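Visitor: Handing you a structure now.
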Amino acid sequence: MINIYAPQVGLDKEIKRRLWEDLNRLVHGIPHTEKLFIGGDFNGHIGATSRDYDDVHGGFGFGVRNGDGTLLLDGAKTFDLVIANSCFAKREKYLVTFQSLLAKTQIDYLLLRKCDRGLCMDCKVIPRENLTTQHMLLVMDLEIMRKRKMKKRVVYGQTRIRWVP
């Protein structure tokens, strides 16, 4: 699990570039045999539609895409990830992750590897469960099966030899 807090809007592009380079090193250091979940505040808007990003955007976002949202979508494409909270049709109150007096936006996202997309059963905002005064709690339901240890099977039909002293 990787937690992200992207630089604020208006900061130098060099700082944003370094964030994506660091994330690149981190993601490529995790073997594909391990599950990978990335979540956090990316300060970008991926928009309501998947336009040009069908493989990483599920088609159920909120608002209008901006430059930082495009960076997030490009990053997801590069890392072979999918944005989980864009994969489920939801009403607005279950999509909006940040709300102030002036705006409602979706800037917090949960990502996972495309090959693990089937593990994600749902992803939504829990309304009125604020982490801070303006961010909403974003949750993802996963179905992960644990491998069971093999038990020795009893073989029927074979006689047992009992040694009595």
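Labels used: A, B, ... for chains in the order of the structure tokens, numbers from 1 for residues in each chain, and numbers from 1 for ligands as shown.
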Find the spatial neighbours of Leu112 of chain A, counting only C-alpha atoms, within a cut-off of 10 Å - ignore same-chain residues fewer than 5 positions away - and output them as a PyMOL selection string.
Guide: chain A and resi 1+35-39+56+76+79-84+117+119-120
Visitor: Restricted to C-alpha atoms, what would the selected residues look like written as a CSV table (one decimal), in the first residue's frame?
Guide:
```csv
chain,number,residue,atom,x,y,z
A,1,MET,CA,0.0,0.0,0.0
A,35,LYS,CA,-0.6,-6.8,-4.7
A,36,LEU,CA,-0.2,-3.1,-5.2
A,37,PHE,CA,-2.6,-0.4,-4.0
A,38,ILE,CA,-1.9,3.3,-4.3
A,39,GLY,CA,-4.2,5.8,-2.7
A,56,VAL,CA,-7.2,3.1,-16.9
A,76,ALA,CA,-1.6,5.0,-14.3
A,79,PHE,CA,2.5,1.8,-14.3
A,80,ASP,CA,-0.2,-0.5,-15.7
A,81,LEU,CA,-2.8,0.6,-13.1
A,82,VAL,CA,-6.5,1.3,-13.1
A,83,ILE,CA,-8.2,4.0,-11.1
A,84,ALA,CA,-10.7,2.1,-8.9
A,117,ARG,CA,-9.0,-5.3,-11.1
A,119,LEU,CA,-10.4,-8.1,-6.7
A,120,CYS,CA,-12.1,-4.7,-6.4
```
Visitor: So which bits of chain A end up strand (DSSP E or B) when you DSSP the backbone, as a PyMOL selection string?
Guide: chain A and resi 2-5+37-41+57+81-83+98-99+104-105+108-113+120-130+135-142
Visitor: Of the residues A:Ile144, A:Val139, A:Cys123, A:Ala6, which is the one nearest to Asp68 of chain A, using only C-alpha atoms?
Guide: A:Ala6
Visitor: Write out as a PyMOL selection string each polymer residue whose atoms come within 12 Å of Glu34 of chain A, counting only C-alpha atoms; drop sequence neighbours fewer than 4 positions from it.
Guide: chain A and resi 1+27-30+112-113+115-116
Visitor: Next, write the just-selected residues to a file, as a short mmCIF file (atom, residue, chain, number, x, y, z; two decimals), in the first residue's frame, keeping C-alpha atoms as the atom set.
Guide:
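This went into selection23.cif:
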```
data_model
loop_
_atom_site.label_atom_id
_atom_site.label_comp_id
_atom_site.auth_asym_id
_atom_site.auth_seq_id
_atom_site.Cartn_x
_atom_site.Cartn_y
_atom_site.Cartn_z
CA MET A 1 0.00 0.00 0.00
CA VAL A 27 6.33 0.99 -8.16
CA HIS A 28 8.96 -0.69 -10.33
CA GLY A 29 10.66 -1.98 -7.16
CA ILE A 30 7.56 -3.97 -6.18
CA LEU A 112 -4.52 -0.98 -8.25
CA ARG A 113 -2.83 -3.13 -10.87
CA CYS A 115 -4.37 -7.64 -13.39
CA ASP A 116 -5.95 -7.29 -9.91
#
```
Visitor: Please list as a PyMOL selection string every residue within 7 Å of Lys124 of chain A, counting only C-alpha atoms and excluding residues in the same chain fewer than 5 positions away.
Guide: chain A and resi 85+94-95+138-140
Visitor: Where in segment 43-107 of chain A does DSSP assign helix (DSSP H, G or I), given as a list in words?
Guide: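 The helix (DSSP H, G or I) subset of segment 43-107 of chain A is Gly67, Asp68, Gly69, Thr70, Leu71, Leu72, Leu73, Asp74, Gly75, Ala76, Lys77, Thr78, Ala84, Asn85, Ser86, Glu92, Lys93 and Tyr94 of chain A.
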Visitor: What's around Leu137 of chain A at 12 Å? Count only C-alpha atoms, leave out sequence neighbours fewer than 5 positions away in its own chain, and write the answer as number ranges by chain.
Guide: A: 39-41, 93-99, 106-110, 123-132
Visitor: Create the file for the chosen residues now, containing N, CA, C and O atoms and written as an mmCIF file, in the first residue's frame.
Guide:
```
data_model
loop_
_atom_site.group_PDB
_atom_site.id
_atom_site.type_symbol
_atom_site.label_atom_id
_atom_site.label_comp_id
_atom_site.auth_asym_id
_atom_site.auth_seq_id
_atom_site.Cartn_x
_atom_site.Cartn_y
_atom_site.Cartn_z
ATOM 1 N N GLY A 39 -3.067 4.956 -2.970
ATOM 2 C CA GLY A 39 -4.195 5.817 -2.652
ATOM 3 C C GLY A 39 -3.726 7.149 -2.144
ATOM 4 O O GLY A 39 -2.648 7.260 -1.569
ATOM 5 N N GLY A 40 -4.537 8.164 -2.363
ATOM 6 C CA GLY A 40 -4.214 9.452 -1.800
ATOM 7 C C GLY A 40 -4.767 10.620 -2.576
ATOM 8 O O GLY A 40 -5.588 10.475 -3.477
ATOM 9 N N ASP A 41 -4.271 11.772 -2.197
ATOM 10 C CA ASP A 41 -4.685 13.048 -2.757
ATOM 11 C C ASP A 41 -3.735 13.402 -3.895
ATOM 12 O O ASP A 41 -2.601 13.788 -3.665
ATOM 13 N N LYS A 93 -22.705 12.145 -4.597
ATOM 14 C CA LYS A 93 -22.222 12.165 -3.211
ATOM 15 C C LYS A 93 -21.250 11.025 -2.904
ATOM 16 O O LYS A 93 -20.514 11.081 -1.929
ATOM 17 N N TYR A 94 -21.220 9.995 -3.744
ATOM 18 C CA TYR A 94 -20.285 8.884 -3.560
ATOM 19 C C TYR A 94 -19.038 9.020 -4.431
ATOM 20 O O TYR A 94 -18.158 8.158 -4.405
ATOM 21 N N LEU A 95 -18.967 10.111 -5.217
ATOM 22 C CA LEU A 95 -17.810 10.377 -6.078
ATOM 23 C C LEU A 95 -16.966 11.545 -5.567
ATOM 24 O O LEU A 95 -15.756 11.534 -5.711
ATOM 25 N N VAL A 96 -17.603 12.534 -4.991
ATOM 26 C CA VAL A 96 -16.922 13.751 -4.551
ATOM 27 C C VAL A 96 -16.057 13.443 -3.335
ATOM 28 O O VAL A 96 -16.556 12.991 -2.307
ATOM 29 N N THR A 97 -14.751 13.679 -3.457
ATOM 30 C CA THR A 97 -13.828 13.384 -2.363
ATOM 31 C C THR A 97 -13.382 14.622 -1.597
ATOM 32 O O THR A 97 -12.805 14.515 -0.524
ATOM 33 N N PHE A 98 -13.633 15.797 -2.161
ATOM 34 C CA PHE A 98 -13.240 17.050 -1.522
ATOM 35 C C PHE A 98 -14.358 18.058 -1.723
ATOM 36 O O PHE A 98 -14.815 18.275 -2.851
ATOM 37 N N GLN A 99 -14.805 18.642 -0.615
ATOM 38 C CA GLN A 99 -15.892 19.600 -0.708
ATOM 39 C C GLN A 99 -15.599 20.799 0.183
ATOM 40 O O GLN A 99 -15.277 20.645 1.356
ATOM 41 N N GLN A 106 -13.305 15.809 -7.228
ATOM 42 C CA GLN A 106 -12.783 14.450 -7.015
ATOM 43 C C GLN A 106 -11.279 14.542 -7.246
ATOM 44 O O GLN A 106 -10.830 14.642 -8.381
ATOM 45 N N ILE A 107 -10.510 14.550 -6.146
ATOM 46 C CA ILE A 107 -9.056 14.656 -6.255
ATOM 47 C C ILE A 107 -8.335 13.519 -5.538
ATOM 48 O O ILE A 107 -7.135 13.378 -5.652
ATOM 49 N N ASP A 108 -9.084 12.708 -4.787
ATOM 50 C CA ASP A 108 -8.510 11.561 -4.084
ATOM 51 C C ASP A 108 -8.869 10.303 -4.871
ATOM 52 O O ASP A 108 -10.016 10.135 -5.286
ATOM 53 N N TYR A 109 -7.867 9.429 -5.036
ATOM 54 C CA TYR A 109 -8.083 8.248 -5.870
ATOM 55 C C TYR A 109 -7.434 7.024 -5.245
ATOM 56 O O TYR A 109 -6.448 7.126 -4.503
ATOM 57 N N LEU A 110 -7.984 5.859 -5.582
ATOM 58 C CA LEU A 110 -7.401 4.571 -5.224
ATOM 59 C C LEU A 110 -7.076 3.841 -6.514
ATOM 60 O O LEU A 110 -7.936 3.720 -7.396
ATOM 61 N N CYS A 123 -15.840 0.696 -4.876
ATOM 62 C CA CYS A 123 -15.004 1.811 -4.440
ATOM 63 C C CYS A 123 -15.891 3.039 -4.397
ATOM 64 O O CYS A 123 -16.545 3.355 -5.394
ATOM 65 N N LYS A 124 -15.946 3.683 -3.231
ATOM 66 C CA LYS A 124 -16.840 4.828 -3.092
ATOM 67 C C LYS A 124 -16.432 5.700 -1.921
ATOM 68 O O LYS A 124 -15.652 5.303 -1.055
ATOM 69 N N VAL A 125 -17.005 6.886 -1.911
ATOM 70 C CA VAL A 125 -16.834 7.834 -0.819
ATOM 71 C C VAL A 125 -17.886 7.518 0.237
ATOM 72 O O VAL A 125 -19.029 7.190 -0.089
ATOM 73 N N ILE A 126 -17.483 7.601 1.497
ATOM 74 C CA ILE A 126 -18.438 7.488 2.594
ATOM 75 C C ILE A 126 -18.836 8.919 2.965
ATOM 76 O O ILE A 126 -18.031 9.645 3.545
ATOM 77 N N PRO A 127 -20.042 9.343 2.612
ATOM 78 C CA PRO A 127 -20.439 10.725 2.879
ATOM 79 C C PRO A 127 -20.451 11.045 4.375
ATOM 80 O O PRO A 127 -20.772 10.197 5.191
ATOM 81 N N ARG A 128 -20.048 12.269 4.683
ATOM 82 C CA ARG A 128 -20.048 12.821 6.037
ATOM 83 C C ARG A 128 -19.066 12.144 6.982
ATOM 84 O O ARG A 128 -19.108 12.364 8.163
ATOM 85 N N GLU A 129 -18.201 11.288 6.500
ATOM 86 C CA GLU A 129 -17.145 10.698 7.312
ATOM 87 C C GLU A 129 -15.863 11.420 6.944
ATOM 88 O O GLU A 129 -15.051 10.929 6.192
ATOM 89 N N ASN A 130 -15.671 12.599 7.455
ATOM 90 C CA ASN A 130 -14.548 13.444 7.057
ATOM 91 C C ASN A 130 -13.256 13.028 7.748
ATOM 92 O O ASN A 130 -13.229 12.825 8.955
ATOM 93 N N LEU A 131 -12.191 12.915 6.963
ATOM 94 C CA LEU A 131 -10.864 12.703 7.525
ATOM 95 C C LEU A 131 -10.328 14.028 8.040
ATOM 96 O O LEU A 131 -9.678 14.087 9.063
ATOM 97 N N THR A 132 -10.556 15.058 7.296
ATOM 98 C CA THR A 132 -10.239 16.415 7.731
ATOM 99 C C THR A 132 -11.522 17.210 7.523
ATOM 100 O O THR A 132 -12.566 16.635 7.278
#
```
Visitor: What does the structure give for the distance between atom CA of Thr78 of chain A and atom CA of Asn43 of chain A, in Å to one decimal?
Guide: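 That distance, rounded to one decimal, is 18.7 Å.
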Visitor: Could you jot down the atom CA of Phe60 of chain A to atom CA of Lys90 of chain A separation for me, Å, one decimal place?
Guide: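 Pair atom CA of Phe60 of chain A / atom CA of Lys90 of chain A returns 7.4 Å.
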Visitor: Pick out the closest residue to Lys77 of chain A from this set: A:Ile2, A:Leu26, A:Ala103, A:Leu111. Count only C-alpha atoms.
Guide: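 Among the listed residues, the smallest separation from Lys77 of chain A belongs to A:Leu111.
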Visitor: Measure the distance from atom CA of Asp74 of chain A to atom CA of Asp122 of chain A in Å and round it to one decimal.
Guide: 23.1 Å
Visitor: Find the residues near Asn66 of chain A: any atom within 8 Å, counting only C-alpha atoms, skip ones fewer than 4 places away on the same chain, and give them as a ChimeraX atom specification.
Guide: /A:44-47,70
